[in-house]
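Data first, discussion second: the structure below is written as C-alpha coordinates.
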Amino acid sequence: MSDVETRIAQVVWNADGLAPAIVQQWDTREVLMLAWVDAEALRRTLTTGRVTYWSRSRQEYWRKGDTSGNIQRIREARLDCDGDAILLLVDQTGPACHTGTRTCFDASDLEAVDGVTG
(Lines give C-alpha, C1' and ligand atoms only; values in the text may rest on other atoms or scores of the structure.)
Protein backbone atom coordinates (compact mmCIF):
# COMPACT_ATOMS: atom_id res chain seq x y z
CA MET A 1 0.00 0.00 0.00
CA SER A 2 1.42 3.41 -0.94
CA ASP A 3 2.05 6.12 1.62
CA VAL A 4 -0.95 8.12 0.32
CA GLU A 5 -3.21 5.06 0.51
CA THR A 6 -2.02 4.39 4.07
CA ARG A 7 -2.96 7.95 5.07
CA ILE A 8 -6.37 7.73 3.37
CA ALA A 9 -7.03 4.39 5.10
CA GLN A 10 -6.80 6.19 8.48
CA VAL A 11 -10.00 8.15 7.77
CA VAL A 12 -13.22 6.92 9.38
CA TRP A 13 -15.80 7.47 6.63
CA ASN A 14 -19.51 7.91 7.40
CA ALA A 15 -22.21 5.56 6.05
CA ASP A 16 -22.11 7.43 2.72
CA GLY A 17 -18.34 7.05 2.43
CA LEU A 18 -17.76 10.72 3.22
CA ALA A 19 -15.93 12.79 5.81
CA PRO A 20 -16.40 16.49 6.58
CA ALA A 21 -13.53 18.76 5.61
CA ILE A 22 -13.11 21.97 7.58
CA VAL A 23 -11.22 24.47 5.45
CA GLN A 24 -8.98 27.19 6.92
CA GLN A 25 -6.69 29.79 5.41
CA TRP A 26 -3.25 28.37 6.24
CA ASP A 27 -1.56 31.53 7.51
CA THR A 28 -4.37 33.38 9.32
CA ARG A 29 -6.36 30.28 10.42
CA GLU A 30 -9.55 32.00 9.22
CA VAL A 31 -12.28 29.36 8.84
CA LEU A 32 -13.42 29.53 5.22
CA MET A 33 -15.89 26.72 4.63
CA LEU A 34 -17.04 23.18 5.33
CA ALA A 35 -17.31 20.63 2.54
CA TRP A 36 -17.27 16.86 2.06
CA VAL A 37 -14.67 14.48 0.68
CA ASP A 38 -14.59 10.80 -0.11
CA ALA A 39 -11.45 8.71 -0.51
CA GLU A 40 -10.96 9.71 -4.16
CA ALA A 41 -11.43 13.44 -3.47
CA LEU A 42 -8.90 13.20 -0.63
CA ARG A 43 -6.51 11.26 -2.87
CA ARG A 44 -6.75 13.98 -5.54
CA THR A 45 -6.23 16.69 -2.93
CA LEU A 46 -3.16 15.02 -1.41
CA THR A 47 -1.53 14.27 -4.76
CA THR A 48 -2.30 17.29 -6.97
CA GLY A 49 -1.84 20.32 -4.73
CA ARG A 50 -5.40 21.54 -5.43
CA VAL A 51 -8.40 20.76 -3.23
CA THR A 52 -11.09 18.45 -4.61
CA TYR A 53 -14.45 17.85 -2.92
CA TRP A 54 -17.45 15.57 -3.39
CA SER A 55 -20.67 17.46 -4.11
CA ARG A 56 -23.53 15.76 -2.30
CA SER A 57 -26.14 17.73 -4.26
CA ARG A 58 -24.63 17.17 -7.73
CA GLN A 59 -23.15 13.74 -6.95
CA GLU A 60 -19.85 14.63 -8.61
CA TYR A 61 -16.32 15.77 -7.84
CA TRP A 62 -15.51 19.46 -7.96
CA ARG A 63 -12.14 21.08 -7.74
CA LYS A 64 -12.42 24.42 -6.02
CA GLY A 65 -11.80 27.26 -8.45
CA ASP A 66 -12.17 25.44 -11.77
CA THR A 67 -15.22 27.51 -12.73
CA SER A 68 -14.93 30.50 -10.37
CA GLY A 69 -11.17 31.06 -10.43
CA ASN A 70 -11.23 31.07 -6.60
CA ILE A 71 -8.59 28.39 -6.27
CA GLN A 72 -7.62 26.54 -3.10
CA ARG A 73 -4.07 25.27 -2.98
CA ILE A 74 -3.45 22.75 -0.22
CA ARG A 75 -0.76 23.57 2.34
CA GLU A 76 -1.54 20.93 4.99
CA ALA A 77 -4.12 18.24 5.65
CA ARG A 78 -4.75 16.91 9.14
CA LEU A 79 -7.00 14.24 10.58
CA ASP A 80 -8.77 14.81 13.90
CA CYS A 81 -8.22 12.56 16.93
CA ASP A 82 -11.20 10.30 16.08
CA GLY A 83 -10.24 10.06 12.42
CA ASP A 84 -13.67 11.21 11.23
CA ALA A 85 -13.01 14.85 10.27
CA ILE A 86 -10.34 16.45 8.12
CA LEU A 87 -8.78 19.87 8.48
CA LEU A 88 -7.55 21.36 5.22
CA LEU A 89 -5.20 24.32 5.51
CA VAL A 90 -5.26 26.11 2.17
CA ASP A 91 -4.02 29.16 0.36
CA GLN A 92 -7.29 30.67 -0.87
CA THR A 93 -7.38 32.86 -3.97
CA GLY A 94 -10.46 35.11 -3.93
CA PRO A 95 -13.66 34.34 -2.04
CA ALA A 96 -14.17 30.85 -0.65
CA CYS A 97 -17.97 30.99 -0.51
CA HIS A 98 -20.21 30.45 -3.53
CA THR A 99 -22.06 33.64 -2.51
CA GLY A 100 -18.92 35.66 -3.27
CA THR A 101 -17.86 36.32 0.32
CA ARG A 102 -14.44 35.51 1.74
CA THR A 103 -15.84 32.92 4.17
CA CYS A 104 -19.04 30.91 4.34
CA PHE A 105 -19.31 31.78 8.04
CA ASP A 106 -20.13 35.48 7.86
CA ALA A 107 -23.87 35.28 7.12
CA SER A 108 -25.57 34.96 10.52
CA ASP A 109 -24.31 35.65 14.02
CA LEU A 110 -26.20 33.33 16.36
CA GLU A 111 -25.40 35.72 19.22
CA ALA A 112 -24.08 33.22 21.72
CA VAL A 113 -23.51 34.40 25.26
CA ASP A 114 -19.80 35.04 25.81
CA GLY A 115 -18.72 32.14 28.01
CA VAL A 116 -15.80 34.11 29.39
CA THR A 117 -17.50 37.40 30.28
CA GLY A 118 -21.17 36.34 30.27
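Each chain in the C-alpha coordinates gets a letter, A, B, ..., in the order shown, and its residues are numbered from 1; ligands are numbered from 1 in order too.
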Where does DSSP see helix (DSSP H, G or I) in chain A, if you list the residues as a list of chain:residue names?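 DSSP-assigned helix (DSSP H, G or I) residues in chain A: A:Asp3, A:Val4, A:Glu5, A:Thr6, A:Arg7, A:Ile8, A:Ala39, A:Glu40, A:Ala41, A:Leu42, A:Arg43, A:Arg44, A:Thr45, A:Leu46, A:Thr47, A:Thr48.
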Picked from chain A by DSSP as strand (DSSP E), as a ChimeraX atom specification: /A:19-25,31-37,52-55,60-63,72-79,86-92
Nearest-residue call for A:Ala21, choices A:Thr93, A:Thr47, A:Thr52, A:Ser57, using only C-alpha atoms: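 Checking each candidate against A:Ala21, we get A:Thr52 as the closest.
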Kindly provide the residues of stretch 64-95 of chain A that approach stretch 26-43 of chain A to within 9 Å, each paired with its closest atom pair and their distance in Å to one decimal, based on only C-alpha atoms, listed by chain and increasing number, as CSV.
```
residue,atom,partner,partner_atom,distance
A:Ile74,CA,A:Trp26,CA,8.6
A:Arg75,CA,A:Trp26,CA,6.7
A:Glu76,CA,A:Trp26,CA,7.7
A:Ile86,CA,A:Val37,CA,8.8
A:Leu88,CA,A:Trp26,CA,8.3
A:Leu89,CA,A:Trp26,CA,4.6
A:Val90,CA,A:Trp26,CA,5.1
A:Asp91,CA,A:Trp26,CA,6.0
A:Gln92,CA,A:Trp26,CA,8.5
A:Pro95,CA,A:Leu32,CA,8.7
```
Written selection (N, CA, C and O atoms) as a PDB file, in the first residue's frame:
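Done, and the output landed in out.pdb:
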```pdb
ATOM      1  N   ILE A  74      -3.624  23.420  -1.511  1.00  0.00           N
ATOM      2  CA  ILE A  74      -3.448  22.751  -0.221  1.00  0.00           C
ATOM      3  C   ILE A  74      -2.070  23.064   0.358  1.00  0.00           C
ATOM      4  O   ILE A  74      -1.074  23.078  -0.359  1.00  0.00           O
ATOM      5  N   ARG A  75      -2.025  23.371   1.632  1.00  0.00           N
ATOM      6  CA  ARG A  75      -0.764  23.573   2.344  1.00  0.00           C
ATOM      7  C   ARG A  75      -0.531  22.448   3.347  1.00  0.00           C
ATOM      8  O   ARG A  75       0.570  21.983   3.514  1.00  0.00           O
ATOM      9  N   GLU A  76      -1.602  22.035   4.027  1.00  0.00           N
ATOM     10  CA  GLU A  76      -1.542  20.929   4.990  1.00  0.00           C
ATOM     11  C   GLU A  76      -2.892  20.247   5.033  1.00  0.00           C
ATOM     12  O   GLU A  76      -3.914  20.878   4.778  1.00  0.00           O
ATOM     13  N   ILE A  86     -11.600  16.034   8.738  1.00  0.00           N
ATOM     14  CA  ILE A  86     -10.342  16.449   8.117  1.00  0.00           C
ATOM     15  C   ILE A  86     -10.245  17.964   8.167  1.00  0.00           C
ATOM     16  O   ILE A  86     -11.229  18.673   7.915  1.00  0.00           O
ATOM     17  N   LEU A  88      -8.341  20.991   6.387  1.00  0.00           N
ATOM     18  CA  LEU A  88      -7.550  21.361   5.223  1.00  0.00           C
ATOM     19  C   LEU A  88      -7.076  22.796   5.396  1.00  0.00           C
ATOM     20  O   LEU A  88      -7.896  23.717   5.518  1.00  0.00           O
ATOM     21  N   LEU A  89      -5.783  22.984   5.446  1.00  0.00           N
ATOM     22  CA  LEU A  89      -5.200  24.321   5.506  1.00  0.00           C
ATOM     23  C   LEU A  89      -4.812  24.686   4.080  1.00  0.00           C
ATOM     24  O   LEU A  89      -4.031  23.974   3.439  1.00  0.00           O
ATOM     25  N   VAL A  90      -5.391  25.769   3.575  1.00  0.00           N
ATOM     26  CA  VAL A  90      -5.265  26.114   2.167  1.00  0.00           C
ATOM     27  C   VAL A  90      -4.755  27.536   1.985  1.00  0.00           C
ATOM     28  O   VAL A  90      -4.825  28.365   2.891  1.00  0.00           O
ATOM     29  N   ASP A  91      -4.285  27.803   0.791  1.00  0.00           N
ATOM     30  CA  ASP A  91      -4.017  29.164   0.362  1.00  0.00           C
ATOM     31  C   ASP A  91      -5.158  29.505  -0.594  1.00  0.00           C
ATOM     32  O   ASP A  91      -5.222  28.980  -1.708  1.00  0.00           O
ATOM     33  N   GLN A  92      -6.068  30.332  -0.131  1.00  0.00           N
ATOM     34  CA  GLN A  92      -7.289  30.672  -0.873  1.00  0.00           C
ATOM     35  C   GLN A  92      -7.046  31.874  -1.767  1.00  0.00           C
ATOM     36  O   GLN A  92      -6.570  32.904  -1.308  1.00  0.00           O
ATOM     37  N   PRO A  95     -12.694  34.795  -3.026  1.00  0.00           N
ATOM     38  CA  PRO A  95     -13.664  34.340  -2.036  1.00  0.00           C
ATOM     39  C   PRO A  95     -13.755  32.811  -1.987  1.00  0.00           C
ATOM     40  O   PRO A  95     -13.620  32.159  -3.015  1.00  0.00           O
TER      41      PRO A  95
END
```
Between A:Leu46, A:Tyr53, A:Asp3, A:Leu18, single out the one closest to A:Arg78, counting only C-alpha atoms.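 Of A:Leu46, A:Tyr53, A:Asp3, A:Leu18, the one nearest A:Arg78 is A:Leu46, counting only C-alpha atoms.
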Between A:Ser2, A:Asn14, A:Glu111, A:Pro20, which one has atoms that come closest to A:Leu79, using only C-alpha atoms?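 Under the stated criterion, the closest residue is A:Pro20.
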Residues near A:Arg63, anyone? I mean within 9 Å using only C-alpha atoms, not counting same-chain ones fewer than 4 positions away, as a list in words.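 Contacts, in chain order: Ala41, Thr45, Arg50, Val51, Thr52, Tyr53, Trp54, Thr67, Ile71 and Gln72 of chain A.
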Could you write out that same residue set with N, CA and C atoms as a CSV table (one decimal), in the first residue's frame?
```
chain,number,residue,atom,x,y,z
A,41,ALA,N,-11.6,12.0,-3.6
A,41,ALA,CA,-11.4,13.4,-3.5
A,41,ALA,C,-10.2,13.7,-2.6
A,45,THR,N,-6.7,15.5,-3.7
A,45,THR,CA,-6.2,16.7,-2.9
A,45,THR,C,-4.8,16.5,-2.5
A,50,ARG,N,-4.1,20.8,-5.4
A,50,ARG,CA,-5.4,21.5,-5.4
A,50,ARG,C,-6.5,20.7,-4.7
A,51,VAL,N,-7.4,21.4,-4.0
A,51,VAL,CA,-8.4,20.8,-3.2
A,51,VAL,C,-9.6,20.3,-4.1
A,52,THR,N,-9.9,19.0,-3.9
A,52,THR,CA,-11.1,18.4,-4.6
A,52,THR,C,-12.1,18.0,-3.6
A,53,TYR,N,-13.4,18.2,-3.8
A,53,TYR,CA,-14.4,17.8,-2.9
A,53,TYR,C,-15.4,16.9,-3.6
A,54,TRP,N,-16.3,16.3,-2.8
A,54,TRP,CA,-17.5,15.6,-3.4
A,54,TRP,C,-18.7,16.4,-3.2
A,67,THR,N,-14.3,26.7,-12.0
A,67,THR,CA,-15.2,27.5,-12.7
A,67,THR,C,-15.2,28.9,-12.2
A,71,ILE,N,-9.3,29.6,-6.5
A,71,ILE,CA,-8.6,28.4,-6.3
A,71,ILE,C,-8.2,28.2,-4.8
A,72,GLN,N,-8.2,26.9,-4.4
A,72,GLN,CA,-7.6,26.5,-3.1
A,72,GLN,C,-6.4,25.6,-3.4
```
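With only C-alpha atoms as the atoms that count, the minimum distance from A:Arg44 to the choices A:Asp82, A:Glu5, A:Asp106, A:Asp114 is reached by A:Glu5.
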Would you please work out which residue, of A:Ala112, A:Ala96, A:Cys81, A:Leu87, is nearest to A:Gly69 when using only C-alpha atoms?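 The shortest atom-to-atom distance to A:Gly69 comes from A:Ala96.
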Kindly indicate which residue among A:Ile8, A:Arg58, A:Gly83, A:Arg102 lies nearest to A:Asn70, using only C-alpha atoms for the distances.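 Closest residue, counting only C-alpha atoms: A:Arg102.
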